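Visitor: I'm passing along run_5.cif; it holds mmCIF, C-alpha atoms.
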```
data_structure
#
loop_
_atom_site.label_atom_id
_atom_site.label_comp_id
_atom_site.auth_asym_id
_atom_site.auth_seq_id
_atom_site.Cartn_x
_atom_site.Cartn_y
_atom_site.Cartn_z
CA MET A 1 104.23 12.05 170.60
CA TYR A 2 107.23 10.91 172.62
CA LEU A 3 108.44 8.67 169.79
CA TYR A 4 107.92 11.49 167.29
CA GLU A 5 109.99 13.87 169.41
CA LYS A 6 112.78 11.30 169.65
CA TRP A 7 112.68 10.83 165.89
CA LEU A 8 112.73 14.58 165.33
CA LEU A 9 115.74 15.01 167.63
CA LEU A 10 117.61 12.15 165.96
CA ASN A 11 116.80 13.53 162.51
CA THR A 12 118.05 16.98 163.55
CA ILE A 13 121.32 15.53 164.85
CA MET A 14 121.84 13.44 161.71
CA THR A 15 121.07 16.38 159.43
CA ARG A 16 123.50 18.60 161.32
CA SER A 17 126.21 15.93 161.19
CA PHE A 18 125.68 15.53 157.44
CA LYS A 19 125.94 19.28 156.86
CA GLN A 20 129.09 19.44 158.98
CA HIS A 21 130.60 16.58 156.99
CA ILE A 22 129.81 18.33 153.71
CA ASN A 23 131.23 21.61 155.03
CA LEU A 24 134.51 20.01 156.09
CA SER A 25 134.74 17.86 152.98
CA ASN A 26 134.41 20.96 150.84
CA LEU A 27 137.12 22.74 152.81
CA TYR A 28 139.56 19.85 152.57
CA SER A 29 138.80 19.51 148.86
CA GLN A 30 139.74 23.17 148.37
CA PHE A 31 143.05 22.62 150.18
CA GLU A 32 143.70 19.48 148.14
CA ASP A 33 142.96 21.24 144.87
CA ALA A 34 145.09 24.25 145.78
CA THR A 35 148.14 22.09 146.55
CA LYS A 36 147.60 19.18 144.14
CA ASP A 37 150.92 19.75 142.33
CA THR A 38 153.03 19.69 145.49
CA HIS A 39 151.14 17.98 148.33
CA ARG A 40 148.69 15.21 149.10
CA LEU A 41 146.15 14.88 151.91
CA GLU A 42 146.78 12.16 154.49
CA LYS A 43 145.71 11.36 158.05
CA ILE A 44 147.72 12.05 161.16
CA GLY A 45 146.33 10.35 164.24
CA ASP A 46 142.67 9.37 164.27
CA GLU A 47 141.09 12.80 163.94
CA HIS A 48 143.23 15.04 161.74
CA LYS A 49 144.09 15.51 158.10
CA ILE A 50 147.48 16.79 157.00
CA LEU A 51 148.93 17.98 153.70
CA VAL A 52 152.31 16.36 153.15
CA PRO A 53 154.78 16.97 150.30
CA ILE A 54 154.64 14.61 147.34
CA GLU A 55 158.41 14.94 147.02
CA PRO A 56 159.76 16.15 150.39
CA ASP A 57 162.71 18.52 150.45
CA THR A 58 165.17 16.66 152.66
CA THR A 59 167.70 19.51 152.56
CA ARG A 60 165.54 21.66 154.86
CA SER A 61 164.00 20.96 158.25
CA SER A 62 160.26 20.46 158.06
CA GLN A 63 157.99 23.29 159.16
CA LEU A 64 154.43 22.77 160.37
CA VAL A 65 151.61 25.23 159.68
CA VAL A 66 148.20 24.84 161.35
CA SER A 67 144.91 26.72 161.58
CA GLY A 68 141.37 26.14 162.78
CA HIS A 69 142.04 25.85 166.50
CA GLN A 70 138.77 27.65 167.15
CA GLY A 71 135.74 28.10 164.93
CA ASP A 72 135.23 31.78 165.70
CA GLU A 73 138.58 32.71 164.11
CA PRO A 74 137.82 32.49 160.37
CA ALA A 75 140.72 34.51 158.97
CA GLY A 76 143.27 31.91 160.08
CA VAL A 77 141.77 29.12 157.98
CA GLN A 78 140.84 31.39 155.09
CA GLY A 79 144.26 33.05 155.09
CA LEU A 80 146.00 29.68 154.96
CA LEU A 81 143.71 28.51 152.16
CA GLN A 82 144.27 31.68 150.14
CA TRP A 83 148.02 31.35 150.61
CA CYS A 84 147.87 27.77 149.33
CA LYS A 85 145.88 28.92 146.30
CA GLU A 86 148.22 31.78 145.45
CA ARG A 87 151.59 30.20 146.17
CA ASP A 88 153.52 27.10 145.23
CA VAL A 89 153.68 25.52 148.68
CA PRO A 90 157.31 24.57 149.41
CA SER A 91 158.08 20.88 149.81
CA HIS A 92 159.40 21.23 153.35
CA ILE A 93 156.01 22.47 154.61
CA ARG A 94 153.37 20.30 156.28
CA ILE A 95 149.88 21.71 156.85
CA ILE A 96 147.07 20.74 159.22
CA PRO A 97 144.21 22.94 157.96
CA VAL A 98 141.82 22.36 160.89
CA ILE A 99 142.95 21.48 164.40
CA SER A 100 139.45 21.30 165.91
CA GLU A 101 136.78 20.18 163.48
CA GLU A 102 134.16 20.41 166.21
CA SER A 103 134.75 24.09 166.96
CA TYR A 104 135.22 24.87 163.25
CA VAL A 105 131.87 23.48 162.12
CA ASN A 106 130.09 24.96 165.16
CA GLY A 107 131.71 28.37 164.72
CA THR A 108 132.59 28.44 168.40
CA HIS A 109 135.69 28.95 170.53
CA PHE A 110 135.17 25.60 172.24
CA ASP A 111 134.61 22.00 171.18
CA ASP A 112 131.50 19.92 171.77
CA ASP A 113 132.59 19.27 175.37
CA GLY A 114 133.03 22.98 176.09
CA GLN A 115 136.84 22.71 176.12
CA ASN A 116 139.31 25.06 174.46
CA PRO A 117 141.05 22.70 171.99
CA ASN A 118 144.28 24.70 172.16
CA LEU A 119 144.78 24.25 175.90
CA GLY A 120 145.44 21.36 178.24
CA LEU A 121 148.17 19.68 176.20
CA PRO A 122 149.51 17.14 176.67
CA SER A 123 148.08 15.72 179.90
CA HIS A 124 144.56 17.16 179.61
CA ALA A 125 144.15 17.35 175.84
CA SER A 126 140.67 17.50 174.36
CA ASP A 127 139.24 14.32 172.87
CA GLU A 128 140.06 15.58 169.38
CA LEU A 129 143.68 16.36 170.23
CA GLU A 130 144.51 13.17 172.12
CA SER A 131 145.32 11.13 169.03
CA LEU A 132 147.42 13.98 167.62
CA ILE A 133 149.47 14.17 170.82
CA GLU A 134 150.02 10.43 170.62
CA GLU A 135 151.88 11.11 167.35
CA SER A 136 154.56 13.01 169.26
CA GLU A 137 157.48 11.46 167.36
CA LEU A 138 155.95 12.48 164.05
CA LEU A 139 155.07 15.94 165.40
CA MET A 140 158.67 16.34 166.53
CA GLU A 141 159.88 15.49 163.02
CA ILE A 142 157.48 17.67 161.05
CA SER A 143 157.80 20.75 163.31
CA ALA A 144 161.59 20.61 163.74
CA GLY A 145 162.17 23.69 161.60
CA GLY A 146 159.35 25.67 163.21
CA TYR A 147 155.63 25.82 163.93
CA LEU A 148 153.16 28.50 162.88
CA SER A 149 149.53 28.71 163.96
CA CYS A 150 147.23 31.11 162.08
CA GLN A 151 144.71 32.33 164.65
CA GLU A 152 142.57 35.28 165.69
CA ASP A 153 141.59 36.89 168.97
CA PRO A 154 137.83 37.45 169.13
CA ASP A 155 138.12 39.29 172.47
CA ARG A 156 140.71 41.97 171.63
CA GLY A 157 140.65 44.62 168.94
CA MET A 158 144.42 44.24 168.60
CA GLY A 159 146.88 41.94 166.88
CA TYR A 160 149.94 40.24 168.33
CA LEU A 161 152.33 37.29 168.17
CA VAL A 162 152.83 34.63 170.81
CA VAL A 163 156.31 33.13 170.49
CA TRP A 164 157.98 30.13 172.04
CA LYS A 165 161.50 29.35 170.93
CA ASN A 166 164.56 27.28 171.77
CA GLY A 167 167.03 30.15 171.69
CA GLY A 168 168.55 32.20 168.88
CA LYS A 169 167.62 35.53 167.30
CA HIS A 170 165.03 35.56 164.57
CA ASN A 171 164.60 38.67 162.40
CA MET A 172 161.51 37.02 160.96
CA ILE A 173 159.61 37.73 164.19
CA SER A 174 160.32 41.47 163.91
CA GLU A 175 159.16 41.43 160.30
CA MET A 176 155.95 39.64 161.27
CA LEU A 177 155.32 42.26 163.96
CA ASP A 178 155.85 45.04 161.42
CA GLU A 179 153.28 43.37 159.17
CA ILE A 180 150.70 43.22 161.97
CA LYS A 181 151.44 46.79 163.08
CA SER A 182 150.94 48.05 159.52
CA ARG A 183 147.34 46.81 159.60
CA PHE A 184 146.08 46.81 163.19
CA PRO A 185 146.67 48.25 166.64
CA VAL A 186 148.84 45.87 168.63
CA HIS A 187 148.48 44.41 172.12
CA LYS A 188 151.24 45.93 174.31
CA ASN A 189 154.31 45.84 172.05
CA GLY A 190 152.75 43.18 169.85
CA LEU A 191 154.91 40.36 171.17
CA VAL A 192 154.05 37.90 173.91
CA SER A 193 156.78 35.49 174.96
CA GLY A 194 155.77 31.96 175.83
CA ASP A 195 157.60 32.46 179.12
CA GLU A 196 155.09 35.18 180.05
CA ILE A 197 152.12 32.83 179.70
CA GLU A 198 151.02 30.91 182.75
CA ASP A 199 149.29 28.25 180.70
CA ARG A 200 152.05 26.61 178.67
CA THR A 201 149.69 23.96 177.39
CA THR A 202 149.13 24.97 173.76
CA LEU A 203 150.06 22.88 170.73
CA GLY A 204 152.81 25.36 169.87
CA ALA A 205 154.40 25.08 173.31
CA PHE A 206 154.13 21.31 173.08
CA CYS A 207 156.00 21.27 169.75
CA VAL A 208 158.78 23.43 171.20
CA ASP A 209 159.04 21.05 174.14
CA LEU A 210 159.45 18.28 171.57
CA GLY A 211 162.34 20.20 169.99
CA ALA A 212 160.89 22.58 167.41
CA ARG A 213 163.18 25.53 166.74
CA MET A 214 160.33 27.92 167.48
CA ALA A 215 156.57 28.13 167.63
CA ILE A 216 154.63 31.22 166.61
CA THR A 217 150.97 31.97 167.01
CA ALA A 218 149.86 34.88 164.84
CA GLU A 219 146.73 36.55 166.22
CA THR A 220 144.69 39.03 164.20
CA PRO A 221 141.77 40.95 165.77
CA VAL A 222 138.24 39.90 164.85
CA GLU A 223 136.02 42.79 165.90
CA GLY A 224 136.17 46.02 163.96
CA PHE A 225 138.35 44.91 161.07
CA PRO A 226 137.26 43.55 157.67
CA LEU A 227 137.85 39.86 157.04
CA PRO A 228 139.85 40.51 153.81
CA ASP A 229 142.37 42.63 155.75
CA ARG A 230 142.81 39.92 158.36
CA VAL A 231 143.17 37.22 155.69
CA ALA A 232 145.78 39.32 153.85
CA CYS A 233 147.76 39.70 157.06
CA HIS A 234 147.93 35.92 157.54
CA VAL A 235 149.02 35.46 153.92
CA SER A 236 151.91 37.90 154.45
CA ILE A 237 152.92 36.23 157.72
CA LEU A 238 152.95 32.83 156.00
CA ASP A 239 155.26 34.26 153.32
CA LEU A 240 157.68 35.40 156.03
CA PHE A 241 157.53 32.08 157.87
CA VAL A 242 158.41 29.84 154.92
CA ARG A 243 160.94 32.20 153.32
#
```
What would the structure in this file look like if it were written as structure tokens?
Guide:
Amino acid sequence: MYLYEKWLLLNTIMTRSFKQHINLSNLYSQFEDATKDTHRLEKIGDEHKILVPIEPDTTRSSQLVVSGHQGDEPAGVQGLLQWCKERDVPSHIRIIPVISEESYVNGTHFDDDGQNPNLGLPSHASDELESLIEESELLMEISAGGYLSCQEDPDRGMGYLVVWKNGGKHNMISEMLDEIKSRFPVHKNGLVSGDEIEDRTTLGAFCVDLGARMAITAETPVEGFPLPDRVACHVSILDLFVR
């Protein structure tokens, strides 16, 4: 019986891993297909996949768009995918569709070790993020023109932006706030400055420390609002970001 139980546990783990692989493979295939005319899928670090331009636009600073920090924030990934399907993705844009594959496939806010993948950078990065942080020179290059993370807040019924920037006025931020306010209640005034956050250990803050012009995290509310509305909000915010 003991050997049978061990076999059953091993079989369960292998089956789950296979399903997770299929799930992620399908997602990446959708991103590849949606951007096949402009981008190709490559690896960055040991753990992450990135869409890079086939013919990069060297006249504009590269901008980095990411999603999938946490698995309980579906509209970020789905909004980015829908945007890729409906738009010709500009050739100065790089995209990391899923930051934490572990939390994405588990549908949880934390990775397999119980860590928030979007905190603790750079000195206490999660196992998944360590190899990405090691690519700091490349991250500096591809986020120089700005960083946008498409996320959701499963704990608040309100939307907002978290913004880190290296100076300058950006009308785009006001337009993004107007977009969020047109769809959802907003947290406080809808804008949270990176300076107001005690924990400056997110990937966005890290990119700004590397020299990115700005980093924006767009947060839509999860509870109480239909997924299509949240997805549509992220699509509109992406339009404003790359404009």
Visitor: Report, in Å to a single decimal, how far apart CA of Cys150 (chain A) and CA of Ile216 (chain A) are.
Guide: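 These atoms are spaced 8.7 Å apart.
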Visitor: Could you list the residues chosen by the PyMOL selection byres ((chain A and resi 74-88) around 10) in this structure as number ranges by chain?
Guide: A: 27-28, 30-39, 65-73, 89-91, 95-98, 104, 107, 149-152, 218-222, 226-239
Visitor: Output C-alpha atoms for every residue in the selection just made, as a PDB file, in the coordinates of the input.
Guide:
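To be explicit, this is the file written out as out_6.pdb:
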```pdb
ATOM      1  CA  LEU A  27     137.120  22.740 152.810  1.00  0.00           C
ATOM      2  CA  TYR A  28     139.560  19.850 152.570  1.00  0.00           C
ATOM      3  CA  GLN A  30     139.740  23.170 148.370  1.00  0.00           C
ATOM      4  CA  PHE A  31     143.050  22.620 150.180  1.00  0.00           C
ATOM      5  CA  GLU A  32     143.700  19.480 148.140  1.00  0.00           C
ATOM      6  CA  ASP A  33     142.960  21.240 144.870  1.00  0.00           C
ATOM      7  CA  ALA A  34     145.090  24.250 145.780  1.00  0.00           C
ATOM      8  CA  THR A  35     148.140  22.090 146.550  1.00  0.00           C
ATOM      9  CA  LYS A  36     147.600  19.180 144.140  1.00  0.00           C
ATOM     10  CA  ASP A  37     150.920  19.750 142.330  1.00  0.00           C
ATOM     11  CA  THR A  38     153.030  19.690 145.490  1.00  0.00           C
ATOM     12  CA  HIS A  39     151.140  17.980 148.330  1.00  0.00           C
ATOM     13  CA  VAL A  65     151.610  25.230 159.680  1.00  0.00           C
ATOM     14  CA  VAL A  66     148.200  24.840 161.350  1.00  0.00           C
ATOM     15  CA  SER A  67     144.910  26.720 161.580  1.00  0.00           C
ATOM     16  CA  GLY A  68     141.370  26.140 162.780  1.00  0.00           C
ATOM     17  CA  HIS A  69     142.040  25.850 166.500  1.00  0.00           C
ATOM     18  CA  GLN A  70     138.770  27.650 167.150  1.00  0.00           C
ATOM     19  CA  GLY A  71     135.740  28.100 164.930  1.00  0.00           C
ATOM     20  CA  ASP A  72     135.230  31.780 165.700  1.00  0.00           C
ATOM     21  CA  GLU A  73     138.580  32.710 164.110  1.00  0.00           C
ATOM     22  CA  VAL A  89     153.680  25.520 148.680  1.00  0.00           C
ATOM     23  CA  PRO A  90     157.310  24.570 149.410  1.00  0.00           C
ATOM     24  CA  SER A  91     158.080  20.880 149.810  1.00  0.00           C
ATOM     25  CA  ILE A  95     149.880  21.710 156.850  1.00  0.00           C
ATOM     26  CA  ILE A  96     147.070  20.740 159.220  1.00  0.00           C
ATOM     27  CA  PRO A  97     144.210  22.940 157.960  1.00  0.00           C
ATOM     28  CA  VAL A  98     141.820  22.360 160.890  1.00  0.00           C
ATOM     29  CA  TYR A 104     135.220  24.870 163.250  1.00  0.00           C
ATOM     30  CA  GLY A 107     131.710  28.370 164.720  1.00  0.00           C
ATOM     31  CA  SER A 149     149.530  28.710 163.960  1.00  0.00           C
ATOM     32  CA  CYS A 150     147.230  31.110 162.080  1.00  0.00           C
ATOM     33  CA  GLN A 151     144.710  32.330 164.650  1.00  0.00           C
ATOM     34  CA  GLU A 152     142.570  35.280 165.690  1.00  0.00           C
ATOM     35  CA  ALA A 218     149.860  34.880 164.840  1.00  0.00           C
ATOM     36  CA  GLU A 219     146.730  36.550 166.220  1.00  0.00           C
ATOM     37  CA  THR A 220     144.690  39.030 164.200  1.00  0.00           C
ATOM     38  CA  PRO A 221     141.770  40.950 165.770  1.00  0.00           C
ATOM     39  CA  VAL A 222     138.240  39.900 164.850  1.00  0.00           C
ATOM     40  CA  PRO A 226     137.260  43.550 157.670  1.00  0.00           C
ATOM     41  CA  LEU A 227     137.850  39.860 157.040  1.00  0.00           C
ATOM     42  CA  PRO A 228     139.850  40.510 153.810  1.00  0.00           C
ATOM     43  CA  ASP A 229     142.370  42.630 155.750  1.00  0.00           C
ATOM     44  CA  ARG A 230     142.810  39.920 158.360  1.00  0.00           C
ATOM     45  CA  VAL A 231     143.170  37.220 155.690  1.00  0.00           C
ATOM     46  CA  ALA A 232     145.780  39.320 153.850  1.00  0.00           C
ATOM     47  CA  CYS A 233     147.760  39.700 157.060  1.00  0.00           C
ATOM     48  CA  HIS A 234     147.930  35.920 157.540  1.00  0.00           C
ATOM     49  CA  VAL A 235     149.020  35.460 153.920  1.00  0.00           C
ATOM     50  CA  SER A 236     151.910  37.900 154.450  1.00  0.00           C
ATOM     51  CA  ILE A 237     152.920  36.230 157.720  1.00  0.00           C
ATOM     52  CA  LEU A 238     152.950  32.830 156.000  1.00  0.00           C
ATOM     53  CA  ASP A 239     155.260  34.260 153.320  1.00  0.00           C
TER      54      ASP A 239
END
```
Visitor: Counting only C-alpha atoms, figure out which residue out of A:Ile180, A:Leu119, A:Met140, A:Val162 gets nearest to Leu203 (chain A).
Guide: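 That would be A:Leu119, the residue with the smallest distance to Leu203 (chain A).
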Visitor: Apply the PyMOL selection byres ((chain A and resi 113) around 12) to the displayed file and report the matching residues as a list in words.
Guide: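 Written out, the selection comes to Ser100, Glu102, Ser103, Asn106, Thr108, His109, Phe110, Asp111, Asp112, Gly114, Gln115, Asn116, Pro117, Ala125, Ser126, Asp127 and Glu128 of chain A.
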Visitor: Go through the shown structure with the PyMOL selection byres ((chain A and resi 174) around 12) and write out the matching residues as a VMD selection string.
Guide: chain A and resid 160 to 161 163 169 to 173 175 to 181 189 to 191 237 240 to 241
Visitor: A:Arg200, A:His124, A:Arg40, A:Arg213: which is nearest Leu148 (chain A), counting all atoms listed in the file?
Guide: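 Comparing A:Arg200, A:His124, A:Arg40, A:Arg213 against Leu148 (chain A), the winner is A:Arg213.
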Visitor: For a quick check of understanding, using all atoms listed in the file, which of A:Gly157, A:Pro53, A:Gly204, A:Pro122 has the smallest distance to Ser143 (chain A)?
Guide: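 Once distances to Ser143 (chain A) are computed over all atoms listed in the file, the minimum belongs to A:Gly204.
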Visitor: Taking only C-alpha atoms into account, name the residue in A:Ser61, A:Gly224, A:Gly211, A:Leu51 that is nearest to Glu137 (chain A).
Guide: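 For Glu137 (chain A), the nearest of the given residues is A:Gly211.
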Visitor: With a distance cut-off of 8 Å and all atoms listed in the file, select the neighbouring residues of Ile142 (chain A), excluding the residue or stretch itself and same-chain residues fewer than 5 positions from it, and output the selection as a ChimeraX atom specification.
Guide: /A:61-64,94
Visitor: Compare A:Leu121, A:Asp46, A:Ala215, A:Arg243 by their minimum atom-to-atom distance to Thr202 (chain A), counting only C-alpha atoms, and give me the closest one.
Guide: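 Looking at the shortest contact to Thr202 (chain A), the residue is A:Leu121.
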Visitor: Please compute the CA of Leu139 (chain A)-CA of Ile50 (chain A) distance, one decimal, in Å.
Guide: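 These two atoms are separated by 11.4 Å.
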Visitor: So how many Å separate CA of Val242 (chain A) and CA of Thr58 (chain A), to one decimal?
Guide: 15.0 Å
